[in-house]
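Source file: start_11.tsv; contents: TSV, C-alpha atoms.
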chain	number	residue	atom	x	y	z
A	19	MET	CA	-22.44	82.29	102.08
A	20	THR	CA	-20.35	79.17	102.53
A	21	ALA	CA	-18.84	78.06	105.82
A	22	SER	CA	-15.43	79.35	104.70
A	23	GLN	CA	-16.92	82.76	103.90
A	24	ARG	CA	-18.60	83.27	107.27
A	25	PRO	CA	-16.94	85.86	109.47
A	26	VAL	CA	-14.82	84.22	112.16
A	27	THR	CA	-15.90	85.05	115.71
A	28	PRO	CA	-13.11	85.53	118.31
A	29	VAL	CA	-14.12	83.77	121.53
A	30	ILE	CA	-12.81	83.17	125.04
A	31	LEU	CA	-12.94	79.61	126.38
A	32	VAL	CA	-13.84	79.09	130.04
A	33	GLY	CA	-13.56	75.86	132.01
A	34	VAL	CA	-14.51	75.25	135.63
A	35	ASP	CA	-12.93	72.36	137.53
A	36	LEU	CA	-15.63	71.11	139.90
A	37	GLY	CA	-13.56	68.16	141.10
A	38	LEU	CA	-14.99	65.77	138.52
A	39	PRO	CA	-12.64	63.24	136.89
A	40	HIS	CA	-10.93	63.94	133.59
A	41	PHE	CA	-11.30	67.72	133.66
A	42	ASP	CA	-9.89	69.16	130.41
A	43	ALA	CA	-7.67	71.85	131.95
A	44	GLU	CA	-6.28	72.91	128.57
A	45	LEU	CA	-9.79	73.11	127.05
A	46	ASP	CA	-8.48	71.35	123.95
A	47	GLU	CA	-11.77	69.68	123.04
A	48	LEU	CA	-13.78	72.86	123.57
A	49	GLY	CA	-11.28	74.66	121.34
A	50	GLN	CA	-11.76	72.02	118.62
A	51	LEU	CA	-15.52	72.37	118.92
A	52	ALA	CA	-15.25	76.16	118.61
A	53	GLN	CA	-13.05	75.90	115.52
A	54	THR	CA	-15.42	73.36	113.98
A	55	ALA	CA	-18.27	75.84	114.50
A	56	GLY	CA	-16.29	78.57	112.72
A	57	MET	CA	-14.92	80.41	115.77
A	58	THR	CA	-11.38	81.33	116.78
A	59	PRO	CA	-10.32	80.92	120.44
A	60	VAL	CA	-8.25	83.97	121.38
A	61	ALA	CA	-7.84	83.19	125.09
A	62	ARG	CA	-8.49	80.40	127.58
A	63	ILE	CA	-9.11	80.54	131.30
A	64	SER	CA	-9.93	77.87	133.86
A	65	CYS	CA	-10.62	77.92	137.57
A	66	LYS	CA	-11.53	75.62	140.44
A	67	ARG	CA	-14.73	75.69	142.46
A	68	ARG	CA	-16.31	73.30	144.93
A	69	ALA	CA	-19.71	74.02	143.42
A	70	PRO	CA	-21.06	76.34	140.69
A	71	ASP	CA	-22.13	79.82	141.78
A	72	ALA	CA	-25.91	79.96	141.62
A	73	ALA	CA	-25.99	83.32	139.87
A	74	LEU	CA	-22.83	83.54	137.72
A	75	PHE	CA	-21.50	79.96	137.77
A	76	VAL	CA	-17.93	81.25	138.31
A	77	GLY	CA	-18.56	83.97	140.91
A	78	THR	CA	-18.34	87.74	140.61
A	79	GLY	CA	-14.55	88.03	140.83
A	80	LYS	CA	-13.85	85.50	138.08
A	81	ALA	CA	-16.63	86.98	135.93
A	82	ASP	CA	-14.91	90.36	136.19
A	83	GLU	CA	-11.61	88.75	135.18
A	84	ILE	CA	-13.21	87.09	132.13
A	85	LYS	CA	-14.80	90.41	131.13
A	86	MET	CA	-11.43	92.22	131.27
A	87	MET	CA	-9.75	89.42	129.35
A	88	ALA	CA	-12.42	89.58	126.65
A	89	ALA	CA	-11.88	93.32	126.27
A	90	ALA	CA	-8.10	92.89	126.09
A	91	HIS	CA	-8.27	90.23	123.37
A	92	GLY	CA	-11.20	91.66	121.43
A	93	ALA	CA	-13.39	88.61	122.05
A	94	GLN	CA	-16.98	88.83	120.86
A	95	GLU	CA	-18.33	85.81	122.74
A	96	VAL	CA	-17.64	83.68	125.81
A	97	LEU	CA	-17.90	79.88	125.68
A	98	PHE	CA	-18.20	77.70	128.79
A	99	ASP	CA	-17.11	74.06	128.74
A	100	GLN	CA	-19.91	73.19	131.16
A	101	SER	CA	-23.67	73.51	130.74
A	102	LEU	CA	-25.17	76.74	132.08
A	103	SER	CA	-28.65	77.19	133.46
A	104	PRO	CA	-30.82	79.79	131.68
A	105	ALA	CA	-30.53	82.11	134.69
A	106	GLN	CA	-26.73	81.77	134.85
A	107	GLN	CA	-26.47	82.44	131.14
A	108	ARG	CA	-28.67	85.54	131.40
A	109	ASN	CA	-26.77	86.88	134.42
A	110	LEU	CA	-23.38	86.34	132.78
A	111	GLU	CA	-24.45	88.15	129.62
A	112	ARG	CA	-25.63	91.12	131.64
A	113	HIS	CA	-22.45	91.14	133.72
A	114	MET	CA	-19.99	90.77	130.83
A	115	GLU	CA	-22.05	92.65	128.22
A	116	LEU	CA	-21.22	89.90	125.74
A	117	PRO	CA	-23.02	86.84	124.34
A	118	VAL	CA	-22.39	83.83	126.59
A	119	ASN	CA	-23.00	80.26	125.45
A	120	ASP	CA	-22.13	76.79	126.68
A	121	ARG	CA	-20.88	73.48	125.35
A	122	THR	CA	-24.41	72.21	124.68
A	123	LEU	CA	-25.35	75.07	122.35
A	124	LEU	CA	-21.98	74.79	120.60
A	125	ILE	CA	-22.60	71.13	119.77
A	126	LEU	CA	-26.11	72.00	118.56
A	127	GLU	CA	-24.68	74.72	116.30
A	128	ILE	CA	-22.21	72.26	114.77
A	129	PHE	CA	-24.95	69.71	114.20
A	130	ALA	CA	-27.12	72.37	112.55
A	131	GLN	CA	-24.28	73.29	110.19
A	132	ARG	CA	-23.42	69.69	109.28
A	133	ALA	CA	-26.77	67.94	108.93
A	134	ARG	CA	-27.45	67.10	105.29
A	135	SER	CA	-30.17	64.47	105.09
A	136	HIS	CA	-33.85	65.13	105.72
A	137	GLU	CA	-33.72	62.96	108.84
A	138	GLY	CA	-30.59	64.66	110.15
A	139	LYS	CA	-32.08	68.12	109.73
A	140	LEU	CA	-35.26	67.05	111.53
A	141	GLN	CA	-33.26	65.63	114.42
A	142	VAL	CA	-31.16	68.76	114.78
A	143	GLU	CA	-34.24	70.96	114.65
A	144	LEU	CA	-35.91	68.92	117.39
A	145	ALA	CA	-32.85	69.14	119.65
A	146	ARG	CA	-32.55	72.87	118.98
A	147	LEU	CA	-36.21	73.48	119.80
A	148	GLN	CA	-35.96	71.45	123.00
A	149	TYR	CA	-32.91	73.45	124.06
A	150	LEU	CA	-34.50	76.78	123.14
A	151	SER	CA	-37.63	75.96	125.13
A	152	THR	CA	-35.54	76.12	128.32
A	153	ARG	CA	-34.03	79.50	127.36
A	154	LEU	CA	-37.23	81.50	126.83
A	155	VAL	CA	-36.76	83.31	130.13
A	156	ARG	CA	-33.52	84.70	128.73
A	157	ARG	CA	-34.60	85.36	125.16
A	158	TRP	CA	-37.83	87.15	125.95
A	159	SER	CA	-37.10	88.84	129.28
A	160	HIS	CA	-37.01	92.26	127.58
A	161	LEU	CA	-40.57	92.06	126.26
A	162	GLU	CA	-43.53	93.56	128.05
A	163	ARG	CA	-47.00	92.07	128.36
A	164	GLN	CA	-48.98	92.37	125.15
A	165	THR	CA	-52.47	93.84	124.90
A	166	GLY	CA	-55.47	91.63	124.39
A	167	GLY	CA	-56.92	90.45	121.11
A	168	ALA	CA	-59.55	91.98	118.86
A	169	GLY	CA	-62.37	93.73	120.70
A	170	VAL	CA	-60.34	94.20	123.88
A	171	ARG	CA	-59.22	97.75	124.70
A	172	GLY	CA	-56.23	98.05	126.96
A	173	GLY	CA	-56.81	94.77	128.78
A	174	PRO	CA	-53.89	92.54	129.71
A	175	GLY	CA	-53.19	89.92	127.06
A	176	GLU	CA	-51.00	86.89	126.77
A	177	LYS	CA	-47.33	87.35	127.52
A	178	GLN	CA	-44.95	87.05	124.57
A	179	ILE	CA	-43.10	84.29	126.40
A	180	GLU	CA	-46.34	82.29	126.60
A	181	LEU	CA	-47.00	82.78	122.88
A	182	ASP	CA	-43.45	81.73	122.03
A	183	ARG	CA	-43.59	78.72	124.32
A	184	ARG	CA	-46.78	77.59	122.63
A	185	MET	CA	-45.22	78.00	119.16
A	186	ILE	CA	-42.14	76.05	120.16
A	187	ASN	CA	-44.21	73.26	121.73
A	188	GLU	CA	-46.26	73.02	118.54
A	189	SER	CA	-43.08	72.90	116.45
A	190	ILE	CA	-41.65	70.19	118.69
A	191	LYS	CA	-44.85	68.15	118.27
A	192	ARG	CA	-44.79	68.50	114.47
A	193	THR	CA	-41.10	67.62	114.26
A	194	LYS	CA	-41.57	64.53	116.42
A	195	GLU	CA	-44.45	63.39	114.19
A	196	ARG	CA	-42.26	63.77	111.10
A	197	LEU	CA	-39.44	61.86	112.79
A	198	VAL	CA	-41.84	59.02	113.61
A	199	LYS	CA	-42.53	58.66	109.88
A	200	VAL	CA	-38.81	58.61	109.12
A	201	LYS	CA	-38.29	55.99	111.83
A	202	ARG	CA	-41.01	53.83	110.25
A	203	GLN	CA	-39.22	54.05	106.90
A	204	ARG	CA	-35.96	52.94	108.54
A	205	GLN	CA	-37.76	50.05	110.23
A	206	THR	CA	-39.10	48.98	106.83
A	207	GLN	CA	-35.58	49.08	105.40
A	208	ARG	CA	-34.28	47.03	108.33
A	209	ARG	CA	-37.03	44.43	107.90
A	210	GLN	CA	-36.05	44.10	104.24
A	211	ARG	CA	-32.44	43.50	105.25
A	212	GLU	CA	-33.58	40.93	107.83
A	213	ARG	CA	-35.58	39.09	105.15
A	214	ARG	CA	-32.39	38.93	103.11
A	215	ASP	CA	-30.70	37.36	106.16
A	216	ALA	CA	-28.36	40.33	106.40
A	217	PHE	CA	-25.64	40.52	109.02
A	218	ASN	CA	-25.71	44.12	110.31
A	219	ILE	CA	-22.56	45.90	111.47
A	220	SER	CA	-22.45	49.47	112.82
A	221	LEU	CA	-19.43	51.67	113.25
A	222	VAL	CA	-19.50	53.54	116.56
A	223	GLY	CA	-16.93	55.54	118.47
A	224	TYR	CA	-15.79	58.89	119.74
A	225	THR	CA	-15.95	61.74	117.25
A	226	ASN	CA	-12.88	62.08	115.00
A	227	ALA	CA	-11.74	58.52	115.71
A	228	GLY	CA	-11.71	57.79	111.96
A	229	LYS	CA	-15.03	55.94	111.52
A	230	SER	CA	-15.85	57.48	108.14
A	231	THR	CA	-12.32	56.91	106.85
A	232	LEU	CA	-12.61	53.24	107.84
A	233	PHE	CA	-16.10	53.06	106.30
A	234	ASN	CA	-14.81	54.46	102.99
A	235	ALA	CA	-11.83	52.10	103.01
A	236	LEU	CA	-14.02	49.03	103.55
A	237	VAL	CA	-16.87	49.73	101.13
A	238	LYS	CA	-15.14	52.12	98.67
A	239	ALA	CA	-17.72	54.77	99.50
A	240	ARG	CA	-17.30	58.53	99.35
A	241	ALA	CA	-18.73	59.48	102.73
A	242	TYR	CA	-17.40	62.81	103.96
A	243	ALA	CA	-14.34	62.33	106.16
A	244	ALA	CA	-12.17	65.03	107.70
A	245	ASP	CA	-9.86	65.59	110.65
A	246	GLN	CA	-12.48	67.48	112.63
A	247	LEU	CA	-15.19	66.84	115.19
A	248	PHE	CA	-18.58	65.62	113.95
A	249	ALA	CA	-17.57	65.33	110.29
A	250	THR	CA	-20.37	62.75	109.94
A	251	LEU	CA	-23.90	63.31	111.24
A	252	ASP	CA	-26.09	61.26	108.94
A	253	THR	CA	-26.12	57.47	109.00
A	254	THR	CA	-24.87	55.89	105.77
A	255	THR	CA	-25.42	52.20	105.04
A	256	ARG	CA	-23.65	50.18	102.33
A	257	GLN	CA	-23.20	46.52	101.47
A	258	LEU	CA	-19.76	45.11	102.22
A	259	TYR	CA	-18.84	41.97	100.26
A	260	LEU	CA	-16.59	39.57	102.15
A	261	GLY	CA	-14.99	37.16	99.73
A	262	GLU	CA	-13.72	34.92	102.51
A	263	ALA	CA	-17.33	34.36	103.62
A	264	GLY	CA	-18.86	34.39	100.15
A	265	ARG	CA	-21.55	36.84	101.24
A	266	SER	CA	-22.29	40.50	101.87
A	267	VAL	CA	-22.94	42.22	105.16
A	268	SER	CA	-24.64	45.53	105.91
A	269	LEU	CA	-22.23	48.21	107.21
A	270	SER	CA	-23.48	51.49	108.72
A	271	ASP	CA	-21.50	54.61	109.59
A	272	THR	CA	-23.08	56.54	112.49
A	273	VAL	CA	-22.66	59.87	114.24
A	274	GLY	CA	-19.72	60.12	116.62
A	275	PHE	CA	-20.11	60.48	120.37
A	276	ILE	CA	-18.52	63.06	122.62
A	277	ARG	CA	-18.13	63.81	126.31
A	278	ASP	CA	-21.24	65.36	127.86
A	279	LEU	CA	-23.29	64.78	124.72
A	280	PRO	CA	-26.54	66.70	125.36
A	281	HIS	CA	-29.33	64.36	126.37
A	282	GLY	CA	-31.64	66.21	124.01
A	283	LEU	CA	-29.41	65.17	121.14
A	284	ILE	CA	-29.37	61.55	122.28
A	285	ASP	CA	-33.17	61.57	122.32
A	286	ALA	CA	-33.45	63.47	119.05
A	287	PHE	CA	-31.01	61.17	117.26
A	288	GLN	CA	-32.72	58.01	118.46
A	289	ALA	CA	-33.77	57.19	114.89
A	290	THR	CA	-30.19	57.44	113.63
A	291	LEU	CA	-28.67	55.60	116.59
A	292	GLN	CA	-31.27	52.87	116.11
A	293	GLU	CA	-28.89	51.43	113.51
A	294	ALA	CA	-26.47	50.73	116.35
A	295	VAL	CA	-29.21	49.31	118.58
A	296	ASP	CA	-30.30	46.86	115.87
A	297	ALA	CA	-26.79	45.81	114.85
A	298	ASP	CA	-25.47	42.27	115.19
A	299	LEU	CA	-21.97	43.61	115.77
A	300	LEU	CA	-20.50	46.98	116.74
A	301	LEU	CA	-17.13	48.03	115.39
A	302	HIS	CA	-16.02	50.34	118.19
A	303	VAL	CA	-13.44	52.62	116.51
A	304	VAL	CA	-10.86	54.19	118.85
A	305	ASP	CA	-8.22	56.81	118.07
A	306	ALA	CA	-5.17	54.88	119.29
A	307	SER	CA	-2.98	57.98	118.97
A	308	ASN	CA	-5.09	60.00	121.42
A	309	PRO	CA	-3.67	59.78	124.95
A	310	ASP	CA	-7.19	60.17	126.36
A	311	PHE	CA	-8.56	57.11	124.53
A	312	PRO	CA	-9.54	55.25	127.77
A	313	GLU	CA	-11.83	58.13	128.76
A	314	GLN	CA	-13.23	58.29	125.23
A	315	ILE	CA	-14.00	54.56	125.34
A	316	THR	CA	-15.83	55.09	128.64
A	317	GLN	CA	-17.91	57.91	127.16
A	318	VAL	CA	-18.90	55.78	124.17
A	319	GLN	CA	-19.86	52.89	126.43
A	320	ASN	CA	-22.04	55.22	128.51
A	321	VAL	CA	-23.94	56.41	125.45
A	322	LEU	CA	-24.32	52.87	124.11
A	323	ARG	CA	-25.89	51.78	127.40
A	324	GLU	CA	-28.16	54.81	127.36
A	325	ILE	CA	-29.55	54.00	123.90
A	326	GLY	CA	-29.96	50.30	124.68
A	327	ALA	CA	-26.95	49.00	122.74
A	328	GLY	CA	-24.73	48.17	125.70
A	329	ASP	CA	-25.09	44.37	125.34
A	330	ILE	CA	-24.35	44.12	121.62
A	331	PRO	CA	-21.07	42.28	120.87
A	332	GLN	CA	-18.19	44.60	120.02
A	333	LEU	CA	-14.93	44.41	118.15
A	334	LEU	CA	-12.49	47.13	119.20
A	335	ILE	CA	-10.69	48.81	116.30
A	336	PHE	CA	-7.67	50.82	117.44
A	337	ASN	CA	-7.34	53.11	114.43
A	338	LYS	CA	-4.52	55.52	113.49
A	339	ALA	CA	-1.89	53.00	114.54
A	340	ASP	CA	0.43	54.59	111.97
A	341	ALA	CA	0.42	57.78	114.09
A	342	LEU	CA	1.71	56.02	117.21
A	343	PRO	CA	5.29	56.83	118.26
A	344	ALA	CA	7.76	53.95	118.23
A	345	ASP	CA	7.68	53.51	122.00
A	346	LYS	CA	3.89	53.21	121.94
A	347	ALA	CA	3.61	50.77	119.02
A	348	PRO	CA	1.75	47.52	119.88
A	349	LEU	CA	3.65	44.27	120.38
A	350	LEU	CA	0.73	42.43	118.77
A	351	THR	CA	-1.63	43.78	116.15
A	352	GLN	CA	-4.43	41.62	117.56
A	353	ASP	CA	-5.02	41.06	121.24
A	354	VAL	CA	-7.68	41.37	123.94
A	355	TYR	CA	-8.80	44.53	125.75
A	356	ASP	CA	-10.73	44.64	129.03
A	357	LEU	CA	-13.95	46.47	128.12
A	358	ASP	CA	-16.17	47.01	131.18
A	359	GLY	CA	-14.84	43.79	132.66
A	360	VAL	CA	-15.42	41.83	129.44
A	361	PRO	CA	-12.35	40.62	127.49
A	362	THR	CA	-12.96	42.03	124.00
A	363	PRO	CA	-10.98	41.35	120.81
A	364	ARG	CA	-8.91	44.33	119.65
A	365	LEU	CA	-7.27	45.02	116.29
A	366	PHE	CA	-4.71	47.70	115.53
A	367	LEU	CA	-4.93	49.18	112.04
A	368	SER	CA	-4.72	52.34	109.97
A	369	ALA	CA	-7.77	53.16	107.89
A	370	ALA	CA	-5.82	55.94	106.16
A	371	THR	CA	-3.01	53.69	104.89
A	372	GLY	CA	-4.99	50.45	104.65
A	373	ALA	CA	-2.62	48.60	106.96
A	374	GLY	CA	-4.46	45.94	108.96
A	375	LEU	CA	-7.64	46.01	106.87
A	376	PRO	CA	-7.21	42.44	105.51
A	377	ALA	CA	-7.08	41.14	109.08
A	378	LEU	CA	-10.27	43.02	109.89
A	379	ARG	CA	-12.02	41.60	106.83
A	380	GLN	CA	-11.01	38.10	107.92
A	381	GLN	CA	-12.48	38.71	111.37
A	382	LEU	CA	-15.73	40.00	109.86
A	383	ALA	CA	-15.92	37.10	107.42
A	384	ALA	CA	-15.57	34.59	110.28
A	385	LEU	CA	-18.42	36.33	112.11
A	386	ALA	CA	-20.60	36.51	109.02
A	387	ILE	CA	-20.22	32.75	108.54
A	388	ALA	CA	-20.87	31.97	112.22
A	389	PRO	CA	-22.72	34.96	113.71
A	390	ASP	CA	-23.28	33.08	116.97
A	391	MET	CA	-19.53	33.23	117.56
A	392	ALA	CA	-19.66	36.91	118.42
A	393	PRO	CA	-16.50	38.37	119.99
A	394	ALA	CA	-16.54	37.50	123.65
A	395	GLY	CA	-12.91	37.40	124.64
A	396	ALA	CA	-9.75	35.43	124.28
A	397	GLU	CA	-11.57	32.10	123.94
A	398	SER	CA	-13.45	33.27	120.84
A	399	PRO	CA	-12.49	31.24	117.75
A	400	VAL	CA	-12.69	34.48	115.81
A	401	LEU	CA	-9.68	35.96	117.60
A	402	THR	CA	-6.24	35.04	116.33
A	403	MET	CA	-2.92	36.31	117.57
A	404	ALA	CA	-1.18	36.02	114.22
A	405	THR	CA	0.88	38.89	112.89
A	406	ASP	CA	-1.03	40.59	110.04
A	407	ASP	CA	0.05	42.43	106.92
A	408	TRP	CA	0.56	45.69	108.82
A	409	ALA	CA	3.25	44.10	110.94
A	410	GLN	CA	4.81	42.43	107.92
A	411	SER	CA	4.92	45.73	106.03
A	412	GLY	CA	7.53	47.04	108.46
A	413	GLN	CA	5.30	49.63	110.12
A	414	HIS	CA	4.94	47.46	113.20
A	415	GLN	CA	7.44	48.33	115.90
A	416	GLU	CA	8.16	45.87	118.68
A	417	THR	CA	9.02	47.38	122.06
Would you mind writing the structure in this file as structure tokens?
Amino acid sequence: MTASQRPVTPVILVGVDLGLPHFDAELDELGQLAQTAGMTPVARISCKRRAPDAALFVGTGKADEIKMMAAAHGAQEVLFDQSLSPAQQRNLERHMELPVNDRTLLILEIFAQRARSHEGKLQVELARLQYLSTRLVRRWSHLERQTGGAGVRGGPGEKQIELDRRMINESIKRTKERLVKVKRQRQTQRRQRERRDAFNISLVGYTNAGKSTLFNALVKARAYAADQLFATLDTTTRQLYLGEAGRSVSLSDTVGFIRDLPHGLIDAFQATLQEAVDADLLLHVVDASNPDFPEQITQVQNVLREIGAGDIPQLLIFNKADALPADKAPLLTQDVYDLDGVPTPRLFLSAATGAGLPALRQQLAALAIAPDMAPAGAESPVLTMATDDWAQSGQHQET
């Protein structure tokens, strides 16, 4: 059964404002995640709390309201935008008499559906096992104690939860060992590129910022690209020839980041994200048309620091410039953006139309010729304020 043939599950989206910054009151991103996983949001509800309720996260009254709303809309599942503890998840399911899941599991489900390569499948399996290991109290709470083994009559045996925990721990160990082998293979490939004096560039950014579209436009590849979250999970590396520099560089497309990315996934995808850690330059792709792009940039920077790539030089690519309204169009197609207190070169372009790509190739060629001149701000010789072909094509709107 293909993804399009799977039955669509109607779900209710729940968000709890705990006073943290950038609360998504409309639950737009959770709704996109649900749709990406093959679900249909039929209702949304949010509330404010000073702190999560220890038992039900939202409290008894709000849990009753969600239960009635689910019955009225025919919802078959409840999705929370925040992470739930195993006990909270179990209590909510008993109270609402419906499956209850959180943002973390939803992201894991999407990753499980999208992983294609051997490495990607291993990484998803490891993250799934690590998540499941914390949910055993919920999954196996209905099972009684088993009897003992052979030769034991009626004596107490090992609990099912203990057997399952042991199996999961063994599976986690085996999966980690297999990932170590894959990581060694990637290290061998990287050493080969280093011997060829390769200049390594990695595309990073928030999910659905257009990284794969830009990757395909630059290297004429056929990597899967779609207007959806986590369209790309597996790292793809191609050679990009830069005629202005007279040499090729190595360009890698990596998995997109997202707010509250589960730490288990960050750990599990360490082998994939290693491409970003070992890069000479990061092309940080930003969806310029998204009004929340400053928060998305912050989330990407947080993940980069967490994986040890926070100090790698960056070039900010404000993609989807063609989707900007006239009053939001940039005055300059190349300027400087304050990134964590560091002035960082920024280029506006459209990977979909190709506008601005020649200017990007010129920037990359200058870096490939003089890699020590990594983007560091307005004084960088790499940065020019000239109007590029996108502006000359008439798509550039001065305000």
Worksheet item: Of the residues A:Pro312, A:Gly37, A:Gly92, A:Gly49, which is the one nearest to Arg68 (chain A), using only C-alpha atoms?
Response: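 Checking each candidate against Arg68 (chain A), we get A:Gly37 as the closest.
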Item to complete: Between A:Lys139, A:Lys229, A:Lys66, A:His91, single out the one closest to Thr27 (chain A), counting only C-alpha atoms.
Response: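 Checking each of A:Lys139, A:Lys229, A:Lys66, A:His91 against Thr27 (chain A), counting only C-alpha atoms, the winner is A:His91.
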Practice prompt. Kindly extract all protein, DNA and RNA residues lying within 12 Å of the coordinates (-24.4, 80.5, 141.5) given in the file, considering only C-alpha atoms, and supply them as JSON, numbers by chain.
Written response: {"A": [67, 68, 69, 70, 71, 72, 73, 74, 75, 76, 77, 78, 81, 102, 103, 104, 105, 106, 107, 109, 110]}
Fill in: Among listed residues A:Ala341, A:Leu349, A:Val318, A:Val273, nearest Gly138 (chain A) (using all atoms listed in the file)
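With all atoms listed in the file as the atom set, the closest residue is A:Val273.
Among the candidates A:Asp46, A:Asp329, A:Asp278, A:Glu180, the residue lying nearest to Asp298 (chain A) is A:Asp329 (atoms considered: all atoms listed in the file).
With all atoms listed in the file as the basis for measurement, A:Phe217 is the residue among A:Glu83, A:Val96, A:Asp345, A:Phe217 that approaches Arg265 (chain A) most closely.
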Discussion item. Between CA of Asp296 (chain A) and CA of Ser266 (chain A), what is the distance in Å, rounded to a tenth?
Written reply: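 Straight-line distance from CA of Asp296 (chain A) to CA of Ser266 (chain A) works out to 17.3 Å.
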Discussion item. Which residue is closest to Asp99 (chain A)? Choose from A:Leu38, A:Val118, A:Ile276, A:Val32 and count only C-alpha atoms.
Written reply: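 Ranking A:Leu38, A:Val118, A:Ile276, A:Val32 by distance to Asp99 (chain A), first place goes to A:Val32.
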Counting only C-alpha atoms, which residues of region 273-350 of chain A sit at most 12 Å from some atom of region 254-258 of chain A, and what is each one's closest atom pair with its distance in Å to one decimal, listed by chain and rising residue number, as CSV?
residue,atom,partner,partner_atom,distance
A:Val273,CA,A:Thr254,CA,9.6
A:Thr290,CA,A:Thr254,CA,9.6
A:Leu291,CA,A:Thr254,CA,11.5
A:Glu293,CA,A:Thr255,CA,9.2
A:Ala294,CA,A:Thr255,CA,11.5
A:Ala297,CA,A:Thr255,CA,11.8
Discussion item. Using Å and a single decimal, report how far CA of Phe98 (chain A) sits from CA of Leu36 (chain A).
Written reply: 13.2 Å
Practice prompt. List the neighbours of Val222 (chain A) out to 7 Å using all atoms listed in the file; skip same-chain residues closer than 4 positions along the sequence, and give me the result as a list in words.
Written response: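 Result of the neighbour search: Thr272, Gly274, Leu300, Leu301, His302 and Val303 of chain A.
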Worksheet item: Between CA of Val26 (chain A) and CA of Glu137 (chain A), what is the spacing in Å?
Response: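 Answer for the CA of Glu137 (chain A) to CA of Val26 (chain A) separation: 28.6 Å.
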